[in-house]
Amino acid sequence: MTLVVESKKTVKLALPIIFGELAQMMLHIIDTVMIGALGDESYKQVAASALALSVINIPFVIGIGITMSVSQMVSMAKGKNDTAAVSHYLYNGFWLCTIVALLVCAGIELGKNVVFHLGQDPEIARLSLPYLSVMGLSIIPMLLFMTLKQFTDGLEYTKTAMVLSVISLPLNVFINWLLIYGNWGFPRMEMVGAAYGTLISRSAIFIALAYVILRHKIYRPYISLRQQQWFIKKKTIKELLDIGIPSSLQIGMEAGVFAVSAIIVGTFGGEQLAAHQIALQCAAFTFMVSMGLSQAGSIRVSNAYGGQQWNKIGTIGRSSLYIALIYGTVCAIFFVSLRTHLPTLFLKDGAGNNAVLQLASVLLLVAGIFQISDASQAVSAGNLRGIKDVRMPTVFIFIAYWVLGLPLGYWLAYSYELKATGIWIGFIIGLAFSSIALSSRFFGILKKRIRRL
């Protein structure tokens, strides 16, 4: 009965986070769909956007990992009923993440010509450059929005960020409609127009969330302490980095595998890369739900950890993992059942796109197999982050993706000429290891701590 109660609490906290994550994921899916509607050979622009996102994704998610430290420290401070510490972590976390956002953006712009040295089709590499530059710039408002969102999530006020994320969708569609296709007298910018749509949408939701935090009465107890608590402190920055850096490495290594996999698949041609991108967008969409469950579980575990309530930590962790297993099973059935229909949402039927659609359906079948392990490993990593155990999980994730998943996928792709399909089989192996290792570690630590009580 206790598991059911805790499951309900976790789901209640997770739902706004999930909807917010899905809304942000939808921005990329909307871009892909609207770019894919440009014509028979629109797969070239879909492939170019995939290449650009592959280059951007690693530094971007590393930045997101740093923002995650804000929710963890805020949640622990809240568990101790320390309002002053919450305010202090907000201020230090915001400026830390601002610096990270600027560095990430600058690094992407300075290194964007790397697309010409990745063995890609020269035409696709050239097409990706302007899109890459604008999307790199959009990382600044997005990371700042994520920082403020992590603050509100850590306090378990999750609805505002969700509403803003959802509102950004029609705004993004409208701007895309103007700039991708050149409607209402605007220039026809095609895929670059989609990048500007993302930049404008992300800037709007950052400004809106900042205004709400500064003005709404819910946050007044923390904002009112700004004169006493809003100063940079080296120890606080170190605390944030102690959680943020391993968290960044964890999600960075995972995102890095998918980014490198896209580069490898790109060496097999534009059709393979476009199919890979379609399947990846679908898998990433379902993973956003897993990430929402992971963040909700992590916040609740972290809050209990602040009060050293280990029995409650165990109940929350177990219930979160059960939810993940159920969700992963549903996703697996969904992917397998609709594998031939989902790709048609991204590309029109046509002589230039048929091969891409067929391959994407095969990749979605493979993606369906790893949905359960993908969801469970994300939640287990969140549970461990909630008890400030981040270093060994980082090692496990490195082994899962960079020692097992990617090398085996590469071997299958080339040695057996499975190409993109071989890479995706490697994903299955890596995610299975990650799921088993992370969940085993959480329950191992839990068992030892409870014995000491």
# chains A, B, ... in the order shown; residues from 1 in each chain; ligands from 1
call {"tool": "residues_around", "arguments": {"residues": "stretch 242-250 of chain A", "least_positions_apart": "5", "cutoff": "10 Å", "atoms": "only C-alpha atoms", "output": "mmCIF file with N, CA and C atoms, in the first residue's frame"}}
result
data_model
loop_
_atom_site.group_PDB
_atom_site.id
_atom_site.type_symbol
_atom_site.label_atom_id
_atom_site.label_comp_id
_atom_site.auth_asym_id
_atom_site.auth_seq_id
_atom_site.Cartn_x
_atom_site.Cartn_y
_atom_site.Cartn_z
ATOM 1 N N ILE A 58 26.154 17.145 -27.422
ATOM 2 C CA ILE A 58 27.050 16.800 -26.316
ATOM 3 C C ILE A 58 27.302 17.997 -25.404
ATOM 4 N N PRO A 59 27.793 19.143 -25.918
ATOM 5 C CA PRO A 59 27.994 20.288 -25.010
ATOM 6 C C PRO A 59 26.692 20.778 -24.389
ATOM 7 N N PHE A 60 25.588 20.677 -25.130
ATOM 8 C CA PHE A 60 24.302 21.140 -24.609
ATOM 9 C C PHE A 60 23.868 20.333 -23.390
ATOM 10 N N VAL A 61 23.910 19.003 -23.489
ATOM 11 C CA VAL A 61 23.458 18.188 -22.362
ATOM 12 C C VAL A 61 24.435 18.253 -21.193
ATOM 13 N N ILE A 62 25.713 18.531 -21.476
ATOM 14 C CA ILE A 62 26.657 18.760 -20.379
ATOM 15 C C ILE A 62 26.214 19.988 -19.588
ATOM 16 N N GLY A 63 25.774 21.016 -20.312
ATOM 17 C CA GLY A 63 25.239 22.203 -19.651
ATOM 18 C C GLY A 63 24.000 21.879 -18.841
ATOM 19 N N ILE A 64 23.114 21.038 -19.380
ATOM 20 C CA ILE A 64 21.905 20.639 -18.665
ATOM 21 C C ILE A 64 22.269 19.896 -17.376
ATOM 22 N N GLY A 65 23.315 19.073 -17.445
ATOM 23 C CA GLY A 65 23.760 18.353 -16.252
ATOM 24 C C GLY A 65 24.165 19.291 -15.132
ATOM 25 N N ILE A 66 24.817 20.399 -15.466
ATOM 26 C CA ILE A 66 25.182 21.390 -14.451
ATOM 27 C C ILE A 66 23.923 21.993 -13.822
ATOM 28 N N THR A 67 22.905 22.279 -14.638
ATOM 29 C CA THR A 67 21.675 22.854 -14.083
ATOM 30 C C THR A 67 20.984 21.886 -13.118
ATOM 31 N N MET A 68 21.151 20.593 -13.322
ATOM 32 C CA MET A 68 20.490 19.606 -12.472
ATOM 33 C C MET A 68 20.962 19.687 -11.027
ATOM 34 N N SER A 69 22.166 20.195 -10.815
ATOM 35 C CA SER A 69 22.675 20.330 -9.449
ATOM 36 C C SER A 69 21.831 21.312 -8.643
ATOM 37 N N VAL A 70 21.198 22.274 -9.324
ATOM 38 C CA VAL A 70 20.380 23.270 -8.630
ATOM 39 C C VAL A 70 19.184 22.599 -7.957
ATOM 40 N N GLN A 72 18.847 19.484 -7.058
ATOM 41 C CA GLN A 72 19.282 18.588 -5.990
ATOM 42 C C GLN A 72 19.600 19.356 -4.709
ATOM 43 N N MET A 73 20.362 20.445 -4.822
ATOM 44 C CA MET A 73 20.743 21.205 -3.636
ATOM 45 C C MET A 73 19.549 21.951 -3.050
ATOM 46 N N THR A 236 29.877 27.057 -2.117
ATOM 47 C CA THR A 236 28.592 26.736 -2.734
ATOM 48 C C THR A 236 28.770 26.303 -4.181
ATOM 49 N N ILE A 237 29.619 27.021 -4.899
ATOM 50 C CA ILE A 237 29.914 26.654 -6.293
ATOM 51 C C ILE A 237 30.487 25.245 -6.351
ATOM 52 N N ALA A 255 24.384 11.154 -24.331
ATOM 53 C CA ALA A 255 24.114 11.973 -25.515
ATOM 54 C C ALA A 255 25.253 11.863 -26.512
ATOM 55 N N GLY A 256 26.471 11.732 -25.983
ATOM 56 C CA GLY A 256 27.633 11.622 -26.850
ATOM 57 C C GLY A 256 27.594 10.383 -27.716
ATOM 58 N N ALA A 381 19.471 6.016 -12.147
ATOM 59 C CA ALA A 381 20.472 7.080 -12.063
ATOM 60 C C ALA A 381 19.940 8.255 -11.254
ATOM 61 N N GLY A 382 18.663 8.576 -11.433
ATOM 62 C CA GLY A 382 18.046 9.656 -10.659
ATOM 63 C C GLY A 382 17.982 9.330 -9.179
ATOM 64 N N ARG A 385 21.407 9.836 -7.793
ATOM 65 C CA ARG A 385 21.722 11.269 -7.712
ATOM 66 C C ARG A 385 21.052 11.892 -6.492
ATOM 67 N N GLY A 386 19.862 11.398 -6.148
ATOM 68 C CA GLY A 386 19.133 11.921 -4.996
ATOM 69 C C GLY A 386 19.847 11.681 -3.680
ATOM 70 N N LYS A 388 23.126 11.624 -3.544
ATOM 71 C CA LYS A 388 24.452 12.216 -3.816
ATOM 72 C C LYS A 388 25.491 11.168 -4.192
ATOM 73 N N ASP A 389 25.052 10.073 -4.775
ATOM 74 C CA ASP A 389 25.980 9.058 -5.274
ATOM 75 C C ASP A 389 26.061 9.225 -6.790
ATOM 76 N N VAL A 390 27.107 9.876 -7.256
ATOM 77 C CA VAL A 390 27.189 10.215 -8.676
ATOM 78 C C VAL A 390 28.470 9.728 -9.363
ATOM 79 N N ARG A 391 29.478 9.405 -8.595
ATOM 80 C CA ARG A 391 30.765 9.068 -9.220
ATOM 81 C C ARG A 391 30.776 7.653 -9.811
ATOM 82 N N MET A 392 30.418 6.648 -9.011
ATOM 83 C CA MET A 392 30.415 5.281 -9.536
ATOM 84 C C MET A 392 29.375 5.098 -10.645
ATOM 85 N N PRO A 393 28.178 5.697 -10.523
ATOM 86 C CA PRO A 393 27.242 5.618 -11.647
ATOM 87 C C PRO A 393 27.815 6.184 -12.938
ATOM 88 N N THR A 394 28.668 7.201 -12.806
ATOM 89 C CA THR A 394 29.307 7.764 -13.999
ATOM 90 C C THR A 394 30.211 6.725 -14.662
ATOM 91 N N VAL A 395 30.920 5.948 -13.847
ATOM 92 C CA VAL A 395 31.781 4.877 -14.367
ATOM 93 C C VAL A 395 30.938 3.814 -15.070
ATOM 94 N N PHE A 396 29.828 3.441 -14.444
ATOM 95 C CA PHE A 396 28.944 2.436 -15.041
ATOM 96 C C PHE A 396 28.428 2.894 -16.403
ATOM 97 N N ILE A 397 28.033 4.157 -16.473
ATOM 98 C CA ILE A 397 27.481 4.683 -17.724
ATOM 99 C C ILE A 397 28.558 4.746 -18.793
ATOM 100 N N PHE A 398 29.787 5.076 -18.392
ATOM 101 C CA PHE A 398 30.898 5.069 -19.354
ATOM 102 C C PHE A 398 31.096 3.668 -19.934
#
call {"tool": "residues_around", "arguments": {"residues": "A:Leu321", "least_positions_apart": "2", "cutoff": "7 Å", "atoms": "only C-alpha atoms", "output": "PyMOL selection string"}}
result
chain A and resi 317-319+323-325+376+379-380
call {"tool": "residues_around", "arguments": {"residues": "A:Leu137", "least_positions_apart": "4", "cutoff": "9 Å", "atoms": "only C-alpha atoms", "output": "PyMOL selection string"}}
result
chain A and resi 102+105-106+108-109+132-133+141+199
call {"tool": "atom_distance", "arguments": {"atom1": "atom CA of A:Ile200", "atom2": "atom CA of A:Gly111"}}
result
23.2 Å
call {"tool": "atom_distance", "arguments": {"atom1": "atom CA of A:Ala355", "atom2": "atom CA of A:Gly119"}}
result
21.6 Å
call {"tool": "closest_residue", "arguments": {"among": "A:Ile180, A:Lys80, A:Leu22, A:Met146", "to": "A:Phe287", "atoms": "only C-alpha atoms"}}
result
A:Leu22
call {"tool": "residues_around", "arguments": {"residues": "A:His28", "least_positions_apart": "5", "cutoff": "9 Å", "atoms": "only C-alpha atoms", "output": "list in words"}}
result
Val33, Ala194, Thr198 and Gln281 of chain A
call {"tool": "residues_around", "arguments": {"residues": "stretch 365-374 of chain A", "least_positions_apart": "3", "cutoff": "8 Å", "atoms": "only C-alpha atoms", "output": "ChimeraX atom specification"}}
result
/A:279,283,287,290,324-329,331-336,339,361-362,377-378,421,424-425,427-428,431-432,434-435
call {"tool": "write_last_selection", "arguments": {"atoms": "N, CA and C atoms", "output": "short mmCIF file (atom, residue, chain, number, x, y, z; two decimals), in the first residue's frame"}}
result
data_model
loop_
_atom_site.label_atom_id
_atom_site.label_comp_id
_atom_site.auth_asym_id
_atom_site.auth_seq_id
_atom_site.Cartn_x
_atom_site.Cartn_y
_atom_site.Cartn_z
N ALA A 279 14.16 7.79 -36.25
CA ALA A 279 14.03 6.82 -35.16
C ALA A 279 14.53 7.41 -33.85
N ALA A 283 12.62 7.79 -30.23
CA ALA A 283 13.17 7.23 -29.00
C ALA A 283 13.45 8.32 -27.97
N PHE A 287 11.97 8.89 -24.18
CA PHE A 287 12.96 9.01 -23.11
C PHE A 287 12.69 10.25 -22.25
N SER A 290 10.80 9.24 -19.36
CA SER A 290 11.69 8.57 -18.40
C SER A 290 12.51 9.58 -17.62
N ALA A 324 8.75 3.00 -13.92
CA ALA A 324 9.59 3.01 -15.11
C ALA A 324 9.46 1.71 -15.90
N LEU A 325 9.40 0.58 -15.20
CA LEU A 325 9.27 -0.71 -15.88
C LEU A 325 7.94 -0.83 -16.62
N ILE A 326 6.89 -0.35 -15.98
CA ILE A 326 5.57 -0.38 -16.63
C ILE A 326 5.57 0.53 -17.85
N TYR A 327 6.11 1.72 -17.68
CA TYR A 327 6.15 2.68 -18.80
C TYR A 327 6.99 2.14 -19.96
N GLY A 328 8.14 1.56 -19.66
CA GLY A 328 9.01 1.03 -20.70
C GLY A 328 8.33 -0.07 -21.49
N THR A 329 7.55 -0.90 -20.81
CA THR A 329 6.81 -1.98 -21.49
C THR A 329 5.77 -1.41 -22.46
N CYS A 331 5.87 1.51 -23.93
CA CYS A 331 6.60 2.12 -25.06
C CYS A 331 7.08 1.06 -26.05
N ALA A 332 7.55 -0.07 -25.53
CA ALA A 332 8.01 -1.15 -26.39
C ALA A 332 6.89 -1.64 -27.30
N ILE A 333 5.73 -1.84 -26.72
CA ILE A 333 4.56 -2.29 -27.51
C ILE A 333 4.19 -1.23 -28.54
N PHE A 334 4.23 0.03 -28.14
CA PHE A 334 3.88 1.14 -29.03
C PHE A 334 4.81 1.20 -30.24
N PHE A 335 6.11 1.12 -30.01
CA PHE A 335 7.09 1.20 -31.11
C PHE A 335 6.95 0.03 -32.08
N VAL A 336 6.82 -1.16 -31.52
CA VAL A 336 6.73 -2.35 -32.38
C VAL A 336 5.44 -2.31 -33.21
N ARG A 339 5.61 0.81 -35.94
CA ARG A 339 6.91 1.10 -36.55
C ARG A 339 6.83 1.52 -38.01
N SER A 361 11.55 2.28 -40.13
CA SER A 361 10.65 1.32 -39.50
C SER A 361 11.43 0.17 -38.87
N VAL A 362 12.54 -0.24 -39.50
CA VAL A 362 13.39 -1.29 -38.94
C VAL A 362 14.06 -0.81 -37.66
N GLN A 377 17.04 2.47 -16.40
CA GLN A 377 18.36 3.02 -16.10
C GLN A 377 18.30 4.51 -15.80
N ALA A 378 17.40 5.22 -16.46
CA ALA A 378 17.25 6.66 -16.21
C ALA A 378 16.76 6.90 -14.79
N THR A 421 21.43 -0.17 -38.46
CA THR A 421 20.81 -1.20 -37.63
C THR A 421 21.81 -1.77 -36.64
N TRP A 424 22.24 0.51 -33.68
CA TRP A 424 21.11 0.45 -32.76
C TRP A 424 21.09 -0.83 -31.93
N ILE A 425 21.61 -1.93 -32.46
CA ILE A 425 21.74 -3.15 -31.66
C ILE A 425 22.73 -2.92 -30.53
N PHE A 427 23.06 -0.15 -28.99
CA PHE A 427 22.31 0.58 -27.97
C PHE A 427 21.62 -0.40 -27.00
N ILE A 428 21.07 -1.48 -27.53
CA ILE A 428 20.38 -2.47 -26.69
C ILE A 428 21.32 -3.03 -25.63
N LEU A 431 22.41 -0.21 -22.95
CA LEU A 431 21.33 0.17 -22.05
C LEU A 431 20.98 -0.94 -21.07
N ALA A 432 21.07 -2.18 -21.50
CA ALA A 432 20.80 -3.32 -20.61
C ALA A 432 21.82 -3.35 -19.47
N SER A 434 23.63 -0.82 -18.32
CA SER A 434 23.42 0.37 -17.49
C SER A 434 22.27 0.16 -16.52
N SER A 435 21.17 -0.39 -17.01
CA SER A 435 20.00 -0.61 -16.16
C SER A 435 20.31 -1.54 -15.00
#
